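Comments concern the structure below.
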Amino acid sequence: MRLRRTLAFSRRALLQFRHDRRTFAFVLVMPLLMILIFGYTFGGDVKGIAIEVVNDDTGISAGTSPVLPNGLFLAQKVIDTFDTDAFSLHTNINSSNARQIVHEGKAWAAIIFPANFTKNFLTAIMAQDISLSPKIEVYIDGSNPTIAAAVIKEVTQSVQRALKELSASLNISQIEMPIVIDQAYAYGGGDTRFIDYFAPGVISFAIMMVTTMITIILFVNERRNGTLQRLLASPASESEIVVGYALAFAVIGIIQSIVVLIAAILLFDVSIVGNIFLALIVILLLAFGHQGLGILLSAGAKNELQAIQFIPLILFPSILLAGLFWPIESIPSYLQPLSYIIPLRYGIDAERSIMLRGWGMGEIWIDIIVLVLFALLTLSASVLLLKRRN
Amino acid sequence: MKVSCPSCGTLGKVTFEQIYDTLTKVVEIHHLTKTFGKFTAVDTLDLMIYRGEIYGLLGPNGSGKTTIIKMLCNLLRPNAGSIKILGQSVPCKSIMNQIGYMPQDTAIYLDNTVHENLFFFGGIYGMTKESLEKKEQEMLEFVNLQDWRDSLVSTLSGGMKHRLSLACALIHEPNLVFLDEPTVGVDPELRATFWGYFESLVKKGITVIITTHYMDEADHCSRVGLLRQGRLIADGRPRDLKKSMGVGSLEEVFLLLAGRENP
């Protein structure tokens, strides 16, 4: 092996990078982007979970009990110890209204303290009778197992913290008396497994990636091979070309979704409670929108190598910020607004609402509107891009 | 040239200009200009092309041949000037049905079969299944690909791909065909075959506009336009151009004219 000759290879390869600034930037920026996004978003604690709190506890006023001359409002004590980072609390005076809000998906849980909460607590302690323990009703949307677990964990820990504080203030040994956390589920029934939660997300994600990437590569090839020029020099209009491709991708998207759904049901026993056709409509909208995005991005790539460079740019924000693996509530609050501009977020949200909550158009219409607008925007922009004749 | 007068039957001398005046104008280009930034690719071009001609746009690489064809096919917008094709101002989608275009690249779908390509390109020109089936057979015979109908294009040789590309440009029976450097990278035997194809098209009354930088090919054209740096430096029958300059080849004509421009 001749060193001189070997180094000639190295030199040429490095010079190539010098001339292809874009690839060079990609090589530098990509790992940086990955460490930043993963570092800031991966595995963080769930934060800012929307919670409705109903405090009906009448408590024990000062001077009414010889045991507690200063009075006690235990429910308020528990509420005060809630981690305000983890919970985004909203006080509600009506328990059925609070449950309704959870049912509508506007809050993840309703935490309801009954009227006789403190009194029952005191009675149970005095009588040393567990059966008299007060109950906190936690009405949870169990469609997201990570959030449901985080809610239960935080309520349990808050109760423990409140009781510890109470023991300290009363100067007695730790109060062991359990307070019962009565869990009721709006959706999911408490047995939602990660795979149930994950399946709708994976379907949406797979459609997004496949449609975007295939469209980019297809249109890069159309441009490079000259076939696009031939199409544009024909009587076919630009919108016919775009819609024609969109329909083809819709068919691919549906076949792909059906395969993933069947695999999820047969292999992992994933339960789907909602309307499967509505789920497929969401898939179609995702496919249309991302096909448009693919055509637009294809204009920025001269060959397949440059097209591949788009993968991480689409992949990472979608994986990390669209709520695919972990809830949007677990990413830092300053990154959360970014999730609103990622169309996949709405696709995943809609698919989960349909499959896990059994929701219909009445509930997911916002997601549908966003996806329709996204599809219209990217497809119209694609038509305009093809109409460009510079 | 001696021709007989259609009204009185007498023989007389008429100029080509007089004959052209009586022919149908297929392409009319006036003061056509196209710039890319500071670079002028086509500079105030005036040109008429008539029905049944093989018109050759001749010039070295970068002389503006492809830019002209792209403007004629509505793939590029001119900065100034006008184009009329078959009497209609470009851009006009309705005349596109009558135009066939073969780009410089083979421009066919490699992952589809010969048959699928022909049906696709015929389909986008609005051909029905019945007419496509009839025409497909004719085109396959024309470009000698009958035995390859169901083969994937990616498995064909370079020459076969070129032939298929031509067939895709002709399947919808256009009246006017733009062929952008159809013989680049084609072996001499196929080049001769191609020119045979083009001449047979003209016999059917189809107008062919072809770009090439092979000066020797231009003798097949009924008329040629010599292009240099985006300007038309000569326009006429190859024979007449050679005669007027007193040389034996179009290459010499080009070099002499180029030399006059930049002495």
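Within each chain, counting starts at residue 1; across the structure tokens, chains are named A, B, ... in the order shown, with ligands numbered 1 upward in that order.
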Which residues of chain B sit at most 6 Å from chain A, using only C-alpha atoms? Give each one's shortest atom pair and distance in Å (one decimal place), in chain and ascending residue order, as CSV.
residue,atom,partner,partner_atom,distance
B:Cys73,CA,A:Ala233,CA,5.4
B:Leu75,CA,A:Arg389,CA,5.8
B:Leu76,CA,A:Arg389,CA,4.7
B:Arg77,CA,A:Arg389,CA,5.6
B:Lys93,CA,A:Pro235,CA,5.5
B:Met96,CA,A:Pro235,CA,5.1
B:Asn97,CA,A:Pro235,CA,5.8
B:Asp105,CA,A:Gly226,CA,5.7
B:Ala107,CA,A:Thr227,CA,4.4
B:Ile108,CA,A:Thr227,CA,5.9
Report task. Compile the contact shell of Met48 in chain B as a ChimeraX atom specification: residues with an atom at most 10 Å away, counting only C-alpha atoms, same-chain residues fewer than 6 positions apart removed. Result -> /B:20,24-30,55,83-84,235
Output file for the residues above (N, CA and C atoms, as a PDB file, in the first residue's frame):
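Output file result-v7.pdb is given in full below:
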ATOM      1  N   TYR B  20     -42.340  30.210 -49.979  1.00  0.00           N
ATOM      2  CA  TYR B  20     -42.637  30.126 -48.548  1.00  0.00           C
ATOM      3  C   TYR B  20     -43.873  30.950 -48.183  1.00  0.00           C
ATOM      4  N   THR B  24     -48.026  27.079 -45.364  1.00  0.00           N
ATOM      5  CA  THR B  24     -48.629  27.294 -44.043  1.00  0.00           C
ATOM      6  C   THR B  24     -47.533  27.489 -43.017  1.00  0.00           C
ATOM      7  N   LYS B  25     -47.662  28.573 -42.287  1.00  0.00           N
ATOM      8  CA  LYS B  25     -46.669  28.824 -41.233  1.00  0.00           C
ATOM      9  C   LYS B  25     -47.036  27.977 -40.021  1.00  0.00           C
ATOM     10  N   VAL B  26     -46.111  27.150 -39.595  1.00  0.00           N
ATOM     11  CA  VAL B  26     -46.375  26.299 -38.428  1.00  0.00           C
ATOM     12  C   VAL B  26     -45.825  26.977 -37.169  1.00  0.00           C
ATOM     13  N   VAL B  27     -44.641  27.561 -37.319  1.00  0.00           N
ATOM     14  CA  VAL B  27     -44.038  28.275 -36.185  1.00  0.00           C
ATOM     15  C   VAL B  27     -43.649  29.677 -36.636  1.00  0.00           C
ATOM     16  N   GLU B  28     -44.093  30.663 -35.874  1.00  0.00           N
ATOM     17  CA  GLU B  28     -43.716  32.058 -36.169  1.00  0.00           C
ATOM     18  C   GLU B  28     -43.075  32.645 -34.920  1.00  0.00           C
ATOM     19  N   ILE B  29     -41.809  32.997 -35.057  1.00  0.00           N
ATOM     20  CA  ILE B  29     -41.093  33.555 -33.896  1.00  0.00           C
ATOM     21  C   ILE B  29     -40.682  34.990 -34.212  1.00  0.00           C
ATOM     22  N   HIS B  30     -41.051  35.900 -33.319  1.00  0.00           N
ATOM     23  CA  HIS B  30     -40.699  37.309 -33.520  1.00  0.00           C
ATOM     24  C   HIS B  30     -39.940  37.862 -32.329  1.00  0.00           C
ATOM     25  N   TYR B  55     -36.757  21.277 -40.024  1.00  0.00           N
ATOM     26  CA  TYR B  55     -35.948  22.469 -39.769  1.00  0.00           C
ATOM     27  C   TYR B  55     -34.908  22.133 -38.708  1.00  0.00           C
ATOM     28  N   ILE B  83     -44.262  34.049 -29.775  1.00  0.00           N
ATOM     29  CA  ILE B  83     -44.228  32.779 -30.508  1.00  0.00           C
ATOM     30  C   ILE B  83     -45.655  32.450 -30.903  1.00  0.00           C
ATOM     31  N   LYS B  84     -45.826  32.052 -32.158  1.00  0.00           N
ATOM     32  CA  LYS B  84     -47.118  31.513 -32.581  1.00  0.00           C
ATOM     33  C   LYS B  84     -46.868  30.123 -33.127  1.00  0.00           C
ATOM     34  N   ASP B 235     -29.758  31.421 -42.088  1.00  0.00           N
ATOM     35  CA  ASP B 235     -30.998  30.650 -42.159  1.00  0.00           C
ATOM     36  C   ASP B 235     -31.240  30.334 -43.632  1.00  0.00           C
TER      37      ASP B 235
END
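Using only C-alpha atoms, the nearest neighbour of Gln291 in chain A within the list A:Val210, A:Val151, A:Val102, A:Ile331 is A:Val210.
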Query raised in the report: What's the 12 Å shell around Gly196 in chain B, counting only C-alpha atoms, without same-chain residues fewer than 4 positions away, as a ChimeraX atom specification?
Result: /B:54,142-143,189-192,200-203,217,220-221
Requested in this report: Using only C-alpha atoms, determine which residues lie at most 12 Å from range 78-81 of chain B, disregarding the query and same-chain residues fewer than 5 positions distant; provide the list as a VMD selection string.
Outcome: (chain A and resid 389 to 390) or (chain B and resid 28 to 37 40 to 47 67 to 73 89 to 91)
Report summary line: re CA of Phe121 in chain A and CA of Leu163 in chain A: distance 10.8 Å
Requested in this report: Tell me which protein, DNA and RNA residues are within 12 Å of range 256-258 of chain A, counting only C-alpha atoms, leaving out same-chain ones fewer than 5 positions away, and put them as an NGL selection string.
Outcome: :A and (199-211 or 249-251 or 263-266 or 276-277 or 279-284 or 286-287 or 351)
So that I have them on file, write out the residues from the current selection with C-alpha atoms, as an mmCIF file, in the first residue's frame.
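Writing done, so here's out.cif:
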data_model
loop_
_atom_site.group_PDB
_atom_site.id
_atom_site.type_symbol
_atom_site.label_atom_id
_atom_site.label_comp_id
_atom_site.auth_asym_id
_atom_site.auth_seq_id
_atom_site.Cartn_x
_atom_site.Cartn_y
_atom_site.Cartn_z
ATOM 1 C CA ALA A 199 -50.264 1.846 16.978
ATOM 2 C CA PRO A 200 -52.313 4.847 15.750
ATOM 3 C CA GLY A 201 -49.176 6.986 15.936
ATOM 4 C CA VAL A 202 -47.084 4.488 13.991
ATOM 5 C CA ILE A 203 -49.682 4.254 11.228
ATOM 6 C CA SER A 204 -49.733 8.049 10.844
ATOM 7 C CA PHE A 205 -45.950 8.234 11.019
ATOM 8 C CA ALA A 206 -45.425 5.471 8.458
ATOM 9 C CA ILE A 207 -47.768 7.171 5.984
ATOM 10 C CA MET A 208 -46.037 10.484 6.499
ATOM 11 C CA MET A 209 -42.517 9.141 5.987
ATOM 12 C CA VAL A 210 -43.287 6.855 3.068
ATOM 13 C CA THR A 211 -45.399 9.400 1.206
ATOM 14 C CA PHE A 249 -50.443 7.815 -3.012
ATOM 15 C CA ALA A 250 -53.858 7.652 -1.417
ATOM 16 C CA VAL A 251 -54.187 4.077 -2.688
ATOM 17 C CA ALA A 263 -50.727 -6.625 11.939
ATOM 18 C CA ALA A 264 -51.496 -4.504 15.017
ATOM 19 C CA ILE A 265 -54.777 -6.325 15.630
ATOM 20 C CA LEU A 266 -53.551 -9.871 14.931
ATOM 21 C CA ILE A 276 -62.147 2.557 10.991
ATOM 22 C CA PHE A 277 -63.301 4.458 7.885
ATOM 23 C CA ALA A 279 -59.325 6.552 10.582
ATOM 24 C CA LEU A 280 -58.640 5.835 6.899
ATOM 25 C CA ILE A 281 -59.886 9.302 5.883
ATOM 26 C CA VAL A 282 -57.334 10.831 8.257
ATOM 27 C CA ILE A 283 -54.672 8.628 6.635
ATOM 28 C CA LEU A 284 -55.718 9.880 3.194
ATOM 29 C CA LEU A 286 -52.042 12.883 5.748
ATOM 30 C CA ALA A 287 -50.963 11.211 2.498
ATOM 31 C CA GLU A 351 -56.022 8.634 14.887
#
Report task. Would you please extract all strand (DSSP E or B) residues from range 30-181 of chain B, as assigned by DSSP on the backbone, and give them as JSON, numbers by chain? Result -> {"B": [30, 31, 32, 33, 34, 35, 36, 39, 40, 41, 42, 43, 44, 45, 46, 47, 48, 49, 50, 54, 55, 56, 57, 58, 80, 81, 82, 83, 84, 85, 88, 89, 99, 100, 101, 102, 113, 152, 176, 177, 178, 179, 180]}
Considering only C-alpha atoms, return as a PDB file with C-alpha atoms, in the first residue's frame whatever protein or nucleic-acid residues lie within 8 Å of range 292-308 of chain A, sequence-local ones (same chain, fewer than 3 positions apart) excluded.
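Result file follows (around-v6.pdb):
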ATOM      1  CA  THR A  23     -23.474  18.141   2.082  1.00  0.00           C
ATOM      2  CA  THR A 211     -45.399   9.400   1.206  1.00  0.00           C
ATOM      3  CA  THR A 212     -42.973  12.278   1.687  1.00  0.00           C
ATOM      4  CA  MET A 213     -39.846  10.338   0.824  1.00  0.00           C
ATOM      5  CA  ILE A 214     -41.248   8.471  -2.156  1.00  0.00           C
ATOM      6  CA  THR A 215     -42.685  11.690  -3.575  1.00  0.00           C
ATOM      7  CA  ILE A 216     -39.383  13.513  -3.176  1.00  0.00           C
ATOM      8  CA  ILE A 217     -37.459  10.716  -4.898  1.00  0.00           C
ATOM      9  CA  PHE A 219     -40.168  13.947  -8.485  1.00  0.00           C
ATOM     10  CA  VAL A 220     -36.384  14.274  -8.311  1.00  0.00           C
ATOM     11  CA  ASN A 221     -36.297  11.436 -10.856  1.00  0.00           C
ATOM     12  CA  ARG A 224     -33.687  14.434 -13.736  1.00  0.00           C
ATOM     13  CA  VAL A 242     -50.399  16.696  -8.882  1.00  0.00           C
ATOM     14  CA  ALA A 246     -52.039  12.286  -4.976  1.00  0.00           C
ATOM     15  CA  PHE A 288     -52.290  14.102   0.364  1.00  0.00           C
ATOM     16  CA  GLY A 289     -50.610  16.757   2.471  1.00  0.00           C
ATOM     17  CA  ILE A 311     -35.018  12.474   5.785  1.00  0.00           C
ATOM     18  CA  ALA A 375     -53.181  19.220   2.046  1.00  0.00           C
ATOM     19  CA  THR A 378     -49.060  21.953  -0.109  1.00  0.00           C
ATOM     20  CA  LEU A 379     -50.883  20.624  -3.174  1.00  0.00           C
ATOM     21  CA  SER A 380     -51.759  24.126  -4.434  1.00  0.00           C
ATOM     22  CA  ALA A 381     -48.192  25.257  -3.811  1.00  0.00           C
ATOM     23  CA  SER A 382     -47.012  22.182  -5.761  1.00  0.00           C
ATOM     24  CA  LEU A 385     -44.270  25.280  -8.401  1.00  0.00           C
TER      25      LEU A 385
END
